[in-house]
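*Asks:* To be precise about what I am sending: the file is called protein-v9.txt and holds compact mmCIF, C-alpha atoms (C1' of nucleotides).
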```txt
# COMPACT_ATOMS: atom_id res chain seq x y z
CA MET Q 259 9.15 27.68 11.85
CA ALA Q 260 8.74 26.59 15.44
CA ARG Q 261 9.62 23.02 16.25
CA ALA Q 262 7.09 20.76 17.87
CA GLY Q 263 9.72 19.25 20.13
CA LEU Q 264 9.12 15.67 19.24
CA THR Q 265 10.94 12.82 20.91
CA VAL Q 266 10.43 9.11 20.67
CA GLU Q 267 8.77 9.17 24.09
CA ARG Q 268 6.32 11.91 23.24
CA VAL Q 269 5.43 10.20 20.02
CA VAL Q 270 4.82 6.88 21.76
CA VAL Q 271 2.73 8.43 24.52
CA ALA Q 272 0.68 10.32 21.97
CA GLY Q 273 0.23 7.05 20.10
CA ALA Q 274 -0.96 5.33 23.27
CA GLU Q 275 -3.45 8.09 23.99
CA LEU Q 276 -4.66 7.98 20.43
CA ALA Q 277 -5.09 4.22 20.73
CA ASP Q 278 -7.33 4.68 23.74
CA ARG Q 279 -9.39 7.19 21.83
CA VAL Q 280 -9.76 5.53 18.45
CA GLY Q 281 -8.61 1.95 18.93
CA PHE Q 282 -5.14 0.52 18.60
CA GLU Q 283 -5.77 -0.77 15.10
CA HIS Q 284 -6.50 2.77 13.94
CA VAL Q 285 -3.24 4.16 15.21
CA THR Q 286 -1.31 5.35 12.22
CA VAL Q 287 1.82 7.35 11.72
CA ALA Q 288 -0.23 9.93 9.86
CA ALA Q 289 -2.78 10.26 12.65
CA VAL Q 290 -0.14 10.73 15.32
CA ALA Q 291 1.55 13.34 13.15
CA ARG Q 292 -1.72 15.21 12.79
CA GLY Q 293 -2.00 15.26 16.54
CA PHE Q 294 1.29 17.12 16.72
CA GLY Q 295 0.48 19.33 13.77
CA VAL Q 296 3.50 18.13 11.83
CA GLN Q 297 3.93 16.35 8.54
CA THR Q 298 3.66 12.59 8.48
CA ALA Q 299 7.16 12.21 7.16
CA SER Q 300 8.52 14.09 10.15
CA LEU Q 301 7.74 11.23 12.49
CA TYR Q 302 10.05 8.95 10.60
CA SER Q 303 13.00 10.60 12.33
CA HIS Q 304 11.68 9.16 15.57
CA VAL Q 305 10.18 5.83 14.64
CA LYS Q 306 11.36 3.51 11.91
CA SER Q 307 7.99 2.49 10.59
CA SER Q 308 4.36 2.09 11.40
CA GLN Q 309 5.20 -1.33 12.82
CA ASP Q 310 7.94 0.14 14.95
CA LEU Q 311 5.54 2.72 16.36
CA LYS Q 312 3.04 0.04 17.28
CA THR Q 313 5.68 -2.12 18.88
CA ARG Q 314 6.89 0.78 20.99
CA ILE Q 315 3.35 1.53 22.12
CA ALA Q 316 2.97 -2.13 23.07
CA LEU Q 317 6.17 -2.12 25.10
CA TYR Q 318 5.15 1.09 26.81
CA ALA Q 319 1.74 -0.30 27.75
CA LEU Q 320 3.23 -3.57 28.95
CA GLU Q 321 5.55 -1.63 31.24
CA GLU Q 322 2.84 0.64 32.55
CA LEU Q 323 0.53 -2.28 33.21
CA ALA Q 324 3.24 -4.27 34.97
CA ASP Q 325 3.81 -1.33 37.31
CA LEU Q 326 0.12 -1.09 38.13
CA VAL Q 327 -0.16 -4.81 38.74
CA ALA Q 328 2.90 -4.77 40.97
CA ASP Q 329 1.34 -1.99 43.03
CA ALA Q 330 -1.95 -3.83 43.30
CA LEU Q 331 -0.18 -6.96 44.47
CA ALA Q 332 1.89 -5.35 47.19
CA GLY Q 333 1.23 -6.91 50.56
CA ARG Q 334 -1.40 -9.34 49.41
CA ALA Q 335 -1.52 -13.11 49.20
CA GLY Q 336 -3.90 -15.92 48.38
CA ARG Q 337 -7.36 -15.17 47.12
CA ASP Q 338 -6.73 -11.54 47.97
CA ALA Q 339 -3.74 -11.37 45.66
CA LEU Q 340 -5.50 -13.30 42.94
CA GLY Q 341 -8.41 -10.88 42.99
CA ALA Q 342 -6.20 -7.80 43.03
CA PHE Q 343 -4.16 -9.19 40.17
CA ALA Q 344 -7.21 -9.95 38.07
CA ASP Q 345 -8.83 -6.61 38.82
CA ALA Q 346 -5.69 -4.69 37.92
CA TYR Q 347 -5.77 -6.20 34.44
CA ARG Q 348 -9.45 -5.69 33.96
CA ASP Q 349 -9.36 -2.12 35.23
CA TYR Q 350 -6.50 -1.28 32.94
CA ALA Q 351 -8.35 -2.74 29.97
CA ALA Q 352 -11.43 -0.73 30.89
CA ARG Q 353 -9.53 2.49 31.43
CA HIS Q 354 -7.12 2.11 28.52
CA PRO Q 355 -8.69 -0.18 25.94
CA GLY Q 356 -6.29 0.86 23.19
CA ARG Q 357 -3.24 0.30 25.31
CA TYR Q 358 -4.57 -3.01 26.51
CA ASP Q 359 -5.03 -4.07 22.91
CA ALA Q 360 -1.49 -2.99 22.27
CA THR Q 361 -0.21 -5.35 24.95
CA ARG Q 362 -1.50 -8.18 22.81
CA LEU Q 363 0.57 -7.24 19.79
CA ARG Q 364 2.61 -10.17 18.60
CA LEU Q 365 6.26 -9.49 19.41
CA ASP Q 366 9.16 -11.43 18.05
CA ALA Q 367 11.00 -13.63 20.52
CA GLU Q 368 13.85 -11.33 21.45
CA THR Q 369 11.68 -8.23 21.78
CA ALA Q 370 9.32 -10.18 24.00
CA ALA Q 371 12.17 -11.48 26.13
CA ALA Q 372 13.39 -7.93 26.73
CA SER Q 373 9.92 -6.61 27.47
CA ALA Q 374 7.92 -6.20 30.65
CA GLY Q 375 6.07 -9.33 29.56
CA VAL Q 376 8.64 -11.17 31.62
CA ARG Q 377 7.57 -9.29 34.74
CA HIS Q 378 3.97 -10.23 34.06
CA ALA Q 379 4.89 -13.89 34.01
CA GLN Q 380 6.92 -13.51 37.20
CA MET Q 381 4.05 -11.86 39.01
CA THR Q 382 1.68 -14.58 37.97
CA ARG Q 383 4.07 -17.15 39.37
CA ALA Q 384 4.39 -15.11 42.54
CA ILE Q 385 0.66 -15.39 43.12
CA LEU Q 386 0.73 -19.11 42.57
CA ARG Q 387 3.39 -19.46 45.19
CA GLY Q 388 0.58 -18.85 47.64
CA TYR Q 389 -1.00 -22.09 46.53
CA ASP Q 390 0.51 -25.48 46.75
CA LEU Q 391 1.50 -26.52 43.26
CA THR Q 392 4.37 -28.69 42.10
CA GLU Q 393 6.25 -27.67 39.01
CA PRO Q 394 4.59 -28.93 35.93
CA GLU Q 395 1.28 -27.88 37.45
CA GLN Q 396 2.47 -24.43 38.23
CA THR Q 397 3.16 -23.77 34.57
CA HIS Q 398 -0.23 -25.12 33.63
CA ALA Q 399 -1.78 -22.80 36.18
CA VAL Q 400 0.14 -19.80 34.88
CA ARG Q 401 -1.27 -20.53 31.46
CA MET Q 402 -4.75 -21.03 32.75
CA LEU Q 403 -4.80 -17.76 34.66
CA GLY Q 404 -3.41 -15.90 31.68
CA SER Q 405 -6.00 -17.49 29.44
CA VAL Q 406 -8.97 -16.79 31.67
CA PHE Q 407 -8.12 -13.17 32.36
CA HIS Q 408 -7.06 -12.34 28.87
CA GLY Q 409 -9.97 -14.23 27.37
CA TYR Q 410 -12.56 -12.71 29.66
CA ILE Q 411 -11.31 -9.20 29.12
CA SER Q 412 -11.21 -9.50 25.40
CA LEU Q 413 -14.61 -11.15 25.15
CA GLU Q 414 -16.02 -8.47 27.42
CA ALA Q 415 -14.43 -5.74 25.30
CA ALA Q 416 -15.88 -7.33 22.18
CA GLY Q 417 -19.30 -6.93 23.69
CA GLY Q 418 -19.77 -10.66 24.12
CA PHE Q 419 -21.40 -10.39 27.51
CA SER Q 420 -23.83 -7.61 26.84
CA HIS Q 421 -26.61 -9.79 25.47
CA THR Q 422 -27.39 -11.58 28.69
CA ALA Q 423 -28.95 -10.10 31.77
CA VAL Q 424 -26.30 -11.44 34.13
CA ASP Q 425 -23.88 -8.78 35.27
CA ALA Q 426 -20.32 -9.05 33.99
CA GLN Q 427 -18.94 -8.09 37.39
CA GLN Q 428 -20.73 -10.98 39.07
CA SER Q 429 -19.35 -13.45 36.57
CA TRP Q 430 -15.89 -12.04 37.07
CA ASP Q 431 -16.09 -12.48 40.83
CA TRP Q 432 -17.50 -15.95 40.49
CA ILE Q 433 -14.70 -16.92 38.14
CA ILE Q 434 -12.01 -15.62 40.47
CA ASP Q 435 -13.58 -17.47 43.38
CA SER Q 436 -13.70 -20.60 41.29
CA LEU Q 437 -10.07 -20.33 40.29
CA ASP Q 438 -9.12 -19.78 43.90
CA THR Q 439 -11.02 -22.87 44.97
CA LEU Q 440 -9.51 -24.85 42.16
CA LEU Q 441 -5.97 -23.82 42.96
CA ARG Q 442 -6.37 -24.47 46.67
CA HIS Q 443 -7.36 -28.00 45.75
CA GLY Q 444 -4.36 -28.53 43.54
CA GLY Q 445 -6.01 -28.22 40.16
CA ALA Q 446 -6.91 -31.14 37.99
CA ARG Q 447 -6.83 -33.68 40.76
CA PRO Q 448 -9.28 -36.37 39.67
CA THR Q 449 -12.26 -36.68 41.96
CA THR Q 450 -12.38 -39.81 43.97
CA MET N 295 -12.26 -11.11 -22.21
CA ALA N 296 -13.05 -14.23 -20.23
CA ARG N 297 -14.85 -13.69 -16.96
CA ALA N 298 -13.48 -15.05 -13.76
CA GLY N 299 -16.91 -16.17 -12.63
CA LEU N 300 -16.93 -14.39 -9.31
CA THR N 301 -19.70 -14.77 -6.79
CA VAL N 302 -19.97 -13.56 -3.24
CA GLU N 303 -19.33 -17.12 -2.02
CA ARG N 304 -16.21 -17.63 -4.07
CA VAL N 305 -14.87 -14.26 -2.97
CA VAL N 306 -15.52 -15.02 0.67
CA VAL N 307 -13.96 -18.48 0.47
CA ALA N 308 -10.93 -17.06 -1.30
CA GLY N 309 -10.72 -14.45 1.43
CA ALA N 310 -10.83 -17.14 4.11
CA GLU N 311 -8.08 -19.12 2.42
CA LEU N 312 -6.02 -16.01 2.05
CA ALA N 313 -6.52 -15.24 5.72
CA ASP N 314 -5.11 -18.64 6.65
CA ARG N 315 -2.10 -18.00 4.46
CA VAL N 316 -1.22 -14.41 5.28
CA GLY N 317 -3.22 -13.61 8.41
CA PHE N 318 -6.68 -12.15 8.69
CA GLU N 319 -5.44 -8.62 9.22
CA HIS N 320 -3.69 -8.72 5.87
CA VAL N 321 -6.77 -9.70 3.96
CA THR N 322 -7.51 -6.87 1.61
CA VAL N 323 -9.89 -6.40 -1.26
CA ALA N 324 -6.90 -5.83 -3.52
CA ALA N 325 -5.17 -9.04 -2.45
CA VAL N 326 -8.28 -11.14 -3.00
CA ALA N 327 -8.72 -9.55 -6.42
CA ARG N 328 -5.13 -10.40 -7.31
CA GLY N 329 -5.85 -14.00 -6.40
CA PHE N 330 -8.59 -14.06 -9.00
CA GLY N 331 -6.57 -12.14 -11.53
CA VAL N 332 -9.12 -9.34 -11.73
CA GLN N 333 -9.03 -5.65 -10.97
CA THR N 334 -9.59 -4.55 -7.41
CA ALA N 335 -12.62 -2.49 -8.34
CA SER N 336 -14.30 -5.57 -9.80
CA LEU N 337 -14.81 -7.08 -6.39
CA TYR N 338 -16.98 -4.19 -5.37
CA SER N 339 -19.84 -5.70 -7.33
CA HIS N 340 -19.77 -8.58 -4.85
CA VAL N 341 -18.86 -7.01 -1.53
CA LYS N 342 -19.72 -3.54 -0.34
CA SER N 343 -16.41 -2.67 1.21
CA SER N 344 -13.33 -4.05 2.82
CA GLN N 345 -15.23 -4.17 6.09
CA ASP N 346 -18.07 -6.04 4.46
CA LEU N 347 -15.65 -8.61 3.07
CA LYS N 348 -14.12 -9.17 6.49
CA THR N 349 -17.51 -9.49 8.13
CA ARG N 350 -18.57 -12.09 5.59
CA ILE N 351 -15.40 -14.06 6.17
CA ALA N 352 -16.08 -13.93 9.90
CA LEU N 353 -19.64 -15.19 9.46
CA TYR N 354 -18.45 -17.94 7.17
CA ALA N 355 -15.81 -19.09 9.64
CA LEU N 356 -18.24 -18.92 12.56
CA GLU N 357 -20.61 -21.16 10.65
CA GLU N 358 -17.93 -23.62 9.61
CA LEU N 359 -16.58 -23.81 13.14
CA ALA N 360 -20.03 -24.31 14.64
CA ASP N 361 -20.57 -27.27 12.30
CA LEU N 362 -17.28 -28.84 13.32
CA VAL N 363 -17.99 -28.35 16.99
CA ALA N 364 -21.47 -29.81 16.63
CA ASP N 365 -19.98 -32.89 14.98
CA ALA N 366 -17.37 -33.26 17.68
CA LEU N 367 -20.02 -33.04 20.36
CA ALA N 368 -22.36 -35.65 18.91
CA GLY N 369 -23.00 -38.48 21.33
CA ARG N 370 -20.76 -37.21 24.09
CA ALA N 371 -21.39 -35.92 27.57
CA GLY N 372 -19.56 -34.78 30.68
CA ARG N 373 -15.79 -34.54 30.65
CA ASP N 374 -15.83 -36.29 27.29
CA ALA N 375 -17.99 -33.57 25.74
CA LEU N 376 -15.99 -30.82 27.40
CA GLY N 377 -12.76 -32.18 25.95
CA ALA N 378 -14.18 -32.68 22.49
CA PHE N 379 -15.60 -29.18 22.54
CA ALA N 380 -12.33 -27.63 23.58
CA ASP N 381 -10.30 -29.65 21.11
CA ALA N 382 -12.59 -28.75 18.24
CA TYR N 383 -11.88 -25.07 18.85
CA ARG N 384 -8.19 -25.54 19.30
CA ASP N 385 -7.86 -27.76 16.24
CA TYR N 386 -9.72 -25.29 14.11
CA ALA N 387 -7.47 -22.47 15.29
CA ALA N 388 -4.40 -24.55 14.50
CA ARG N 389 -5.65 -25.63 11.11
CA HIS N 390 -7.18 -22.30 10.10
CA PRO N 391 -5.51 -19.51 12.04
CA GLY N 392 -6.78 -16.79 9.75
CA ARG N 393 -10.34 -17.98 9.93
CA TYR N 394 -10.12 -18.39 13.67
CA ASP N 395 -8.96 -14.80 13.93
CA ALA N 396 -11.88 -13.82 11.77
CA THR N 397 -14.32 -15.35 14.24
CA ARG N 398 -13.15 -12.78 16.74
CA LEU N 399 -14.07 -9.83 14.58
CA ARG N 400 -16.32 -7.44 16.41
CA LEU N 401 -19.80 -7.68 14.94
CA ASP N 402 -22.58 -5.24 15.58
CA ALA N 403 -25.43 -6.51 17.72
CA GLU N 404 -27.86 -7.50 14.99
CA THR N 405 -25.24 -9.16 12.80
CA ALA N 406 -24.05 -11.12 15.82
CA ALA N 407 -27.58 -12.16 16.72
CA ALA N 408 -28.12 -13.52 13.20
CA SER N 409 -24.76 -15.31 13.15
CA ALA N 410 -23.67 -18.79 14.08
CA GLY N 411 -22.32 -17.19 17.25
CA VAL N 412 -25.70 -18.04 18.72
CA ARG N 413 -25.13 -21.73 18.02
CA HIS N 414 -21.77 -21.53 19.77
CA ALA N 415 -23.40 -20.20 22.88
CA GLN N 416 -26.10 -22.87 22.72
CA MET N 417 -23.54 -25.64 22.45
CA THR N 418 -21.63 -24.32 25.41
CA ARG N 419 -24.80 -24.37 27.46
CA ALA N 420 -25.55 -27.89 26.21
CA ILE N 421 -22.27 -29.09 27.67
CA LEU N 422 -22.96 -27.43 30.97
CA ARG N 423 -26.25 -29.23 31.17
CA GLY N 424 -24.18 -32.29 31.97
CA TYR N 425 -23.08 -30.59 35.17
CA ASP N 426 -25.27 -29.46 37.96
CA LEU N 427 -25.44 -25.71 37.84
CA THR N 428 -28.24 -23.37 38.78
CA GLU N 429 -28.97 -20.41 36.58
CA PRO N 430 -26.80 -17.51 37.50
CA GLU N 431 -23.89 -19.95 37.79
CA GLN N 432 -24.51 -21.45 34.41
CA THR N 433 -24.02 -18.08 32.76
CA HIS N 434 -20.84 -17.51 34.76
CA ALA N 435 -19.62 -20.90 33.61
CA VAL N 436 -20.44 -20.18 29.97
CA ARG N 437 -18.33 -17.07 30.25
CA MET N 438 -15.52 -18.86 31.98
CA LEU N 439 -15.32 -21.61 29.40
CA GLY N 440 -15.42 -19.12 26.57
CA SER N 441 -12.71 -17.09 28.25
CA VAL N 442 -10.39 -19.98 28.94
CA PHE N 443 -10.62 -21.52 25.51
CA HIS N 444 -10.47 -18.31 23.61
CA GLY N 445 -7.73 -16.96 25.82
CA TYR N 446 -5.61 -20.07 25.67
CA ILE N 447 -5.90 -20.36 21.92
CA SER N 448 -5.04 -16.78 21.29
CA LEU N 449 -2.11 -16.75 23.69
CA GLU N 450 -0.84 -19.95 22.13
CA ALA N 451 -1.20 -18.48 18.65
CA ALA N 452 0.69 -15.40 19.77
CA GLY N 453 3.58 -17.66 20.74
CA GLY N 454 3.10 -17.02 24.44
CA PHE N 455 3.75 -20.61 25.44
CA SER N 456 6.81 -21.31 23.36
CA HIS N 457 9.33 -19.96 25.84
CA THR N 458 8.79 -22.60 28.46
CA ALA N 459 9.72 -26.24 28.25
CA VAL N 460 6.34 -27.49 29.33
CA ASP N 461 4.30 -28.83 26.45
CA ALA N 462 1.26 -26.82 25.43
CA GLN N 463 -0.78 -29.97 24.96
CA GLN N 464 -0.16 -31.05 28.55
CA SER N 465 -1.28 -27.70 29.88
CA TRP N 466 -4.37 -27.87 27.71
CA ASP N 467 -5.32 -31.28 29.08
CA TRP N 468 -4.62 -30.22 32.62
CA ILE N 469 -6.80 -27.15 32.19
CA ILE N 470 -9.69 -29.17 30.79
CA ASP N 471 -9.42 -31.64 33.64
CA SER N 472 -9.38 -28.79 36.09
CA LEU N 473 -12.45 -27.18 34.60
CA ASP N 474 -14.25 -30.50 34.67
CA THR N 475 -13.39 -30.98 38.32
CA LEU N 476 -14.44 -27.47 39.10
CA LEU N 477 -17.78 -27.77 37.34
CA ARG N 478 -18.55 -31.09 38.92
CA HIS N 479 -18.13 -29.43 42.26
CA GLY N 480 -20.44 -26.60 41.42
CA GLY N 481 -17.90 -23.87 40.74
CA ALA N 482 -17.05 -21.15 43.19
CA ARG N 483 -18.48 -22.91 46.19
CA PRO N 484 -16.47 -21.63 49.14
CA THR N 485 -14.41 -24.33 50.76
CA THR N 486 -15.55 -25.30 54.20
C1' DC O 184 28.81 36.15 20.64
C1' DC O 185 29.51 33.81 16.37
C1' DC O 186 30.19 30.04 13.47
C1' DA O 187 29.87 25.05 12.72
C1' DT O 188 27.59 21.01 13.68
C1' DT O 189 23.69 18.67 14.67
C1' DT O 190 19.17 17.59 14.09
C1' DG O 191 14.20 18.57 13.73
C1' DC O 192 10.87 19.22 10.50
C1' DC O 193 9.67 20.21 5.68
C1' DT O 194 8.78 19.35 0.53
C1' DA O 195 8.50 16.18 -3.01
C1' DA O 196 7.70 11.89 -4.86
C1' DT O 197 6.49 6.88 -5.08
C1' DC O 198 3.71 3.00 -3.98
C1' DC O 199 -0.28 0.77 -2.54
C1' DA O 200 -5.16 0.11 -0.71
C1' DT O 201 -9.94 1.85 -0.80
C1' DT O 202 -13.79 3.35 -3.09
C1' DT O 203 -17.01 5.51 -6.70
C1' DA O 204 -18.60 6.36 -11.45
C1' DG O 205 -19.40 5.01 -15.77
C1' DG O 206 -18.80 1.91 -19.85
C1' DC O 207 -18.36 -2.24 -22.85
C1' DA O 208 -19.00 -6.89 -23.63
C1' DA O 209 -20.17 -11.55 -22.32
C1' DT O 210 -23.97 -14.21 -20.93
C1' DC O 211 -28.75 -15.49 -20.20
C1' DC O 212 -33.24 -16.26 -21.56
C1' DC O 213 -37.20 -15.82 -24.42
C1' DG M 94 -30.75 -13.88 -32.38
C1' DG M 95 -31.53 -10.00 -29.73
C1' DG M 96 -32.51 -7.47 -25.59
C1' DA M 97 -31.69 -7.23 -20.71
C1' DT M 98 -28.61 -8.22 -17.27
C1' DT M 99 -24.52 -8.12 -15.09
C1' DG M 100 -19.53 -9.12 -14.72
C1' DC M 101 -15.45 -6.99 -15.15
C1' DC M 102 -12.93 -3.03 -16.93
C1' DT M 103 -10.85 1.89 -17.04
C1' DA M 104 -10.42 6.15 -14.78
C1' DA M 105 -9.90 8.92 -10.97
C1' DA M 106 -9.99 10.68 -6.16
C1' DT M 107 -8.53 9.97 -1.42
C1' DG M 108 -5.35 8.79 2.07
C1' DG M 109 -1.67 6.04 4.51
C1' DA M 110 3.47 4.39 4.35
C1' DT M 111 7.87 5.40 3.24
C1' DT M 112 12.27 7.43 1.24
C1' DA M 113 15.37 11.18 -0.30
C1' DG M 114 17.04 15.39 0.21
C1' DG M 115 17.02 20.24 1.99
C1' DC M 116 16.64 24.31 5.06
C1' DA M 117 16.51 26.30 9.39
C1' DA M 118 16.60 26.18 14.30
C1' DA M 119 19.07 24.75 18.37
C1' DT M 120 23.47 23.85 20.48
C1' DG M 121 28.00 24.38 22.00
C1' DG M 122 33.08 25.39 21.48
C1' DG M 123 36.06 28.98 20.63
```
Translate the structure described by the file into structure tokens.
*Replies:*
Amino acid sequence: MARAGLTVERVVVAGAELADRVGFEHVTVAAVARGFGVQTASLYSHVKSSQDLKTRIALYALEELADLVADALAGRAGRDALGAFADAYRDYAARHPGRYDATRLRLDAETAAASAGVRHAQMTRAILRGYDLTEPEQTHAVRMLGSVFHGYISLEAAGGFSHTAVDAQQSWDWIIDSLDTLLRHGGARPTT
Amino acid sequence: MARAGLTVERVVVAGAELADRVGFEHVTVAAVARGFGVQTASLYSHVKSSQDLKTRIALYALEELADLVADALAGRAGRDALGAFADAYRDYAARHPGRYDATRLRLDAETAAASAGVRHAQMTRAILRGYDLTEPEQTHAVRMLGSVFHGYISLEAAGGFSHTAVDAQQSWDWIIDSLDTLLRHGGARPTT
DNA sequence: CCCATTTGCCTAATCCATTTAGGCAATCCC
DNA sequence: GGGATTGCCTAAATGGATTAGGCAAATGGG
């Protein structure tokens, strides 16, 4: 019988697409196999386990997202860069909710260190270079930006902002403006 | 044979404790049943489904957390209240990771509206009353605080901050100080 | 162009979680 | 104490995860 021509890549991409359609948590080896019209067991020649499949989807999404963010950032600085950076994340989450969820999969230390997650951290730091922060503060700021963007996106995805009349886009813009203002003033600096 | 004396409450509490031990995503009707030494099917007299069990655990945790936050907030205002609020969330997540995860379960609109989630939103607004924000901004600020705290806690739980030397507690304090400064200045206000 | 090697996909089987149906016995309450 | 209730059980169907082992299709060297 004809072969489906599976490869690790095709399996992972199919998994990512499935995630966007049905949610990352519903991605299963069996479901991906159905998509290819092959037996579930057949996928085990390409991925080691269900966990392995999910990890590969996460790494794929992390890479893809890092590329998009890098593009968005090209040639920008300051508030402009901050906004482009934030929007790239939010757009990706809106366009590929399953993949975005995948990027939040908990990876073990060495997998994480070898992943595109490192590029994400570097890009965040690159943006902060446009502000005037000394070292311990820069790390704090990296964490704050990561927290705000990730938190906002996941609360928005969970429907947390749909019960109030205020537009989610307006809040997003306001938050980015606020962060910009904050960073230009050096962060926590106690008010005199 | 002796009965285990199950009730919905005992099942839910056992589920919450299990979540803290093995992670919310590994909470299963079968695992909870094992904990009681009864057959899996027996739990179905108390909860409708696996989903129902998880939802009940989420509502329970949301309630418990709201109580803790309310206590922490009592008699405080300003930066003091903001810090106590933030710490209450972070402490709960550290002490009860499984339950904290449960609070992030996606609830349908009516379940959410009847949940303690409403109290959480009210308490956030109560803190912001200590700052001087007009209405559209107050909603933006509610969203920002929710995003930062939730984002920070979940990134920290995912091990995202363990690769850098800078202490997570220091970043947390710096972030709270920064938010306080920002709010006292009215948020996004463009710098002159 | 054919045979050997590789390898892609299959069948079969096991294990475990979810869920429903139906039954017996412990408990409650009058 | 006896009837009604209900807690927990057995049985069984469904479906995902995973392993072992086999056949056939693709590939490439002679």
*Asks:* Once you count only C-alpha atoms (C1' of nucleotides), what closest atom pair and distance in Å to one decimal does each residue of chain O within 12 Å of segment 108-116 of chain M have, with rows by chain and rising residue number, as JSON lines?
*Replies:*
```
{"residue": "O:DT190", "atom": "C1'", "partner": "M:DC116", "partner_atom": "C1'", "distance": 11.5}
{"residue": "O:DG191", "atom": "C1'", "partner": "M:DC116", "partner_atom": "C1'", "distance": 10.7}
{"residue": "O:DC192", "atom": "C1'", "partner": "M:DC116", "partner_atom": "C1'", "distance": 9.4}
{"residue": "O:DC193", "atom": "C1'", "partner": "M:DC116", "partner_atom": "C1'", "distance": 8.1}
{"residue": "O:DT194", "atom": "C1'", "partner": "M:DG115", "partner_atom": "C1'", "distance": 8.4}
{"residue": "O:DA195", "atom": "C1'", "partner": "M:DA113", "partner_atom": "C1'", "distance": 8.9}
{"residue": "O:DA196", "atom": "C1'", "partner": "M:DT112", "partner_atom": "C1'", "distance": 8.8}
{"residue": "O:DT197", "atom": "C1'", "partner": "M:DT111", "partner_atom": "C1'", "distance": 8.6}
{"residue": "O:DC198", "atom": "C1'", "partner": "M:DA110", "partner_atom": "C1'", "distance": 8.4}
{"residue": "O:DC199", "atom": "C1'", "partner": "M:DA110", "partner_atom": "C1'", "distance": 8.6}
{"residue": "O:DA200", "atom": "C1'", "partner": "M:DG109", "partner_atom": "C1'", "distance": 8.6}
{"residue": "O:DT201", "atom": "C1'", "partner": "M:DG108", "partner_atom": "C1'", "distance": 8.8}
{"residue": "O:DT202", "atom": "C1'", "partner": "M:DG108", "partner_atom": "C1'", "distance": 11.3}
```
*Asks:* Near segment 392-405 of chain Q, within 6 Å and counting all atoms listed in the file, which residues show up once chain neighbours fewer than 2 positions away are dropped, as number ranges by chain?
*Replies:* Q: 407-409; N: 442, 445-446, 465
*Asks:* Can you write just those residues out, C-alpha atoms, as a tab-separated table (two decimals), in the frame of the given file?
*Replies:*
```tsv
chain	number	residue	atom	x	y	z
Q	407	PHE	CA	-8.12	-13.17	32.36
Q	408	HIS	CA	-7.06	-12.34	28.87
Q	409	GLY	CA	-9.97	-14.23	27.37
N	442	VAL	CA	-10.39	-19.98	28.94
N	445	GLY	CA	-7.73	-16.96	25.82
N	446	TYR	CA	-5.61	-20.07	25.67
N	465	SER	CA	-1.28	-27.70	29.88
```
*Asks:* At a cut-off of 12 Å, list the chain N residues touching chain O, using only C-alpha atoms (C1' of nucleotides), as number ranges by chain.
*Replies:* N: 295-299, 320-327, 334-339, 341-345
*Asks:* Create the file for the chosen residues now, containing C-alpha atoms and written as an mmCIF file, keeping the file's coordinate frame.
*Replies:*
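Below is the file again_3.cif, written as the result:
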```cif
data_model
loop_
_atom_site.group_PDB
_atom_site.id
_atom_site.type_symbol
_atom_site.label_atom_id
_atom_site.label_comp_id
_atom_site.auth_asym_id
_atom_site.auth_seq_id
_atom_site.Cartn_x
_atom_site.Cartn_y
_atom_site.Cartn_z
ATOM 1 C CA MET N 295 -12.260 -11.110 -22.210
ATOM 2 C CA ALA N 296 -13.050 -14.230 -20.230
ATOM 3 C CA ARG N 297 -14.850 -13.690 -16.960
ATOM 4 C CA ALA N 298 -13.480 -15.050 -13.760
ATOM 5 C CA GLY N 299 -16.910 -16.170 -12.630
ATOM 6 C CA HIS N 320 -3.690 -8.720 5.870
ATOM 7 C CA VAL N 321 -6.770 -9.700 3.960
ATOM 8 C CA THR N 322 -7.510 -6.870 1.610
ATOM 9 C CA VAL N 323 -9.890 -6.400 -1.260
ATOM 10 C CA ALA N 324 -6.900 -5.830 -3.520
ATOM 11 C CA ALA N 325 -5.170 -9.040 -2.450
ATOM 12 C CA VAL N 326 -8.280 -11.140 -3.000
ATOM 13 C CA ALA N 327 -8.720 -9.550 -6.420
ATOM 14 C CA THR N 334 -9.590 -4.550 -7.410
ATOM 15 C CA ALA N 335 -12.620 -2.490 -8.340
ATOM 16 C CA SER N 336 -14.300 -5.570 -9.800
ATOM 17 C CA LEU N 337 -14.810 -7.080 -6.390
ATOM 18 C CA TYR N 338 -16.980 -4.190 -5.370
ATOM 19 C CA SER N 339 -19.840 -5.700 -7.330
ATOM 20 C CA VAL N 341 -18.860 -7.010 -1.530
ATOM 21 C CA LYS N 342 -19.720 -3.540 -0.340
ATOM 22 C CA SER N 343 -16.410 -2.670 1.210
ATOM 23 C CA SER N 344 -13.330 -4.050 2.820
ATOM 24 C CA GLN N 345 -15.230 -4.170 6.090
#
```
*Asks:* Could you name the residues that touch Asp381 of chain N at 12 Å or less, counting all atoms listed in the file, but leaving out those on the same chain fewer than 2 positions away, as a list in words?
*Replies:*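 Near neighbours after the sequence-gap exclusion: Leu359, Leu362, Val363, Asp365, Ala366, Leu367, Asp374, Ala375, Leu376, Gly377, Ala378, Phe379, Tyr383, Arg384, Asp385, Tyr386, Ala387, Ala388, Arg389, Phe443, His444, Tyr446, Ile447, Gln463, Trp466, Asp467, Ile469 and Ile470 of chain N.
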*Asks:* Using Å and a single decimal, report how far atom CA of Val296 of chain Q sits from atom CA of Pro355 of chain Q.
*Replies:*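 Computed distance, atom CA of Pro355 of chain Q to atom CA of Val296 of chain Q, equals 26.1 Å.
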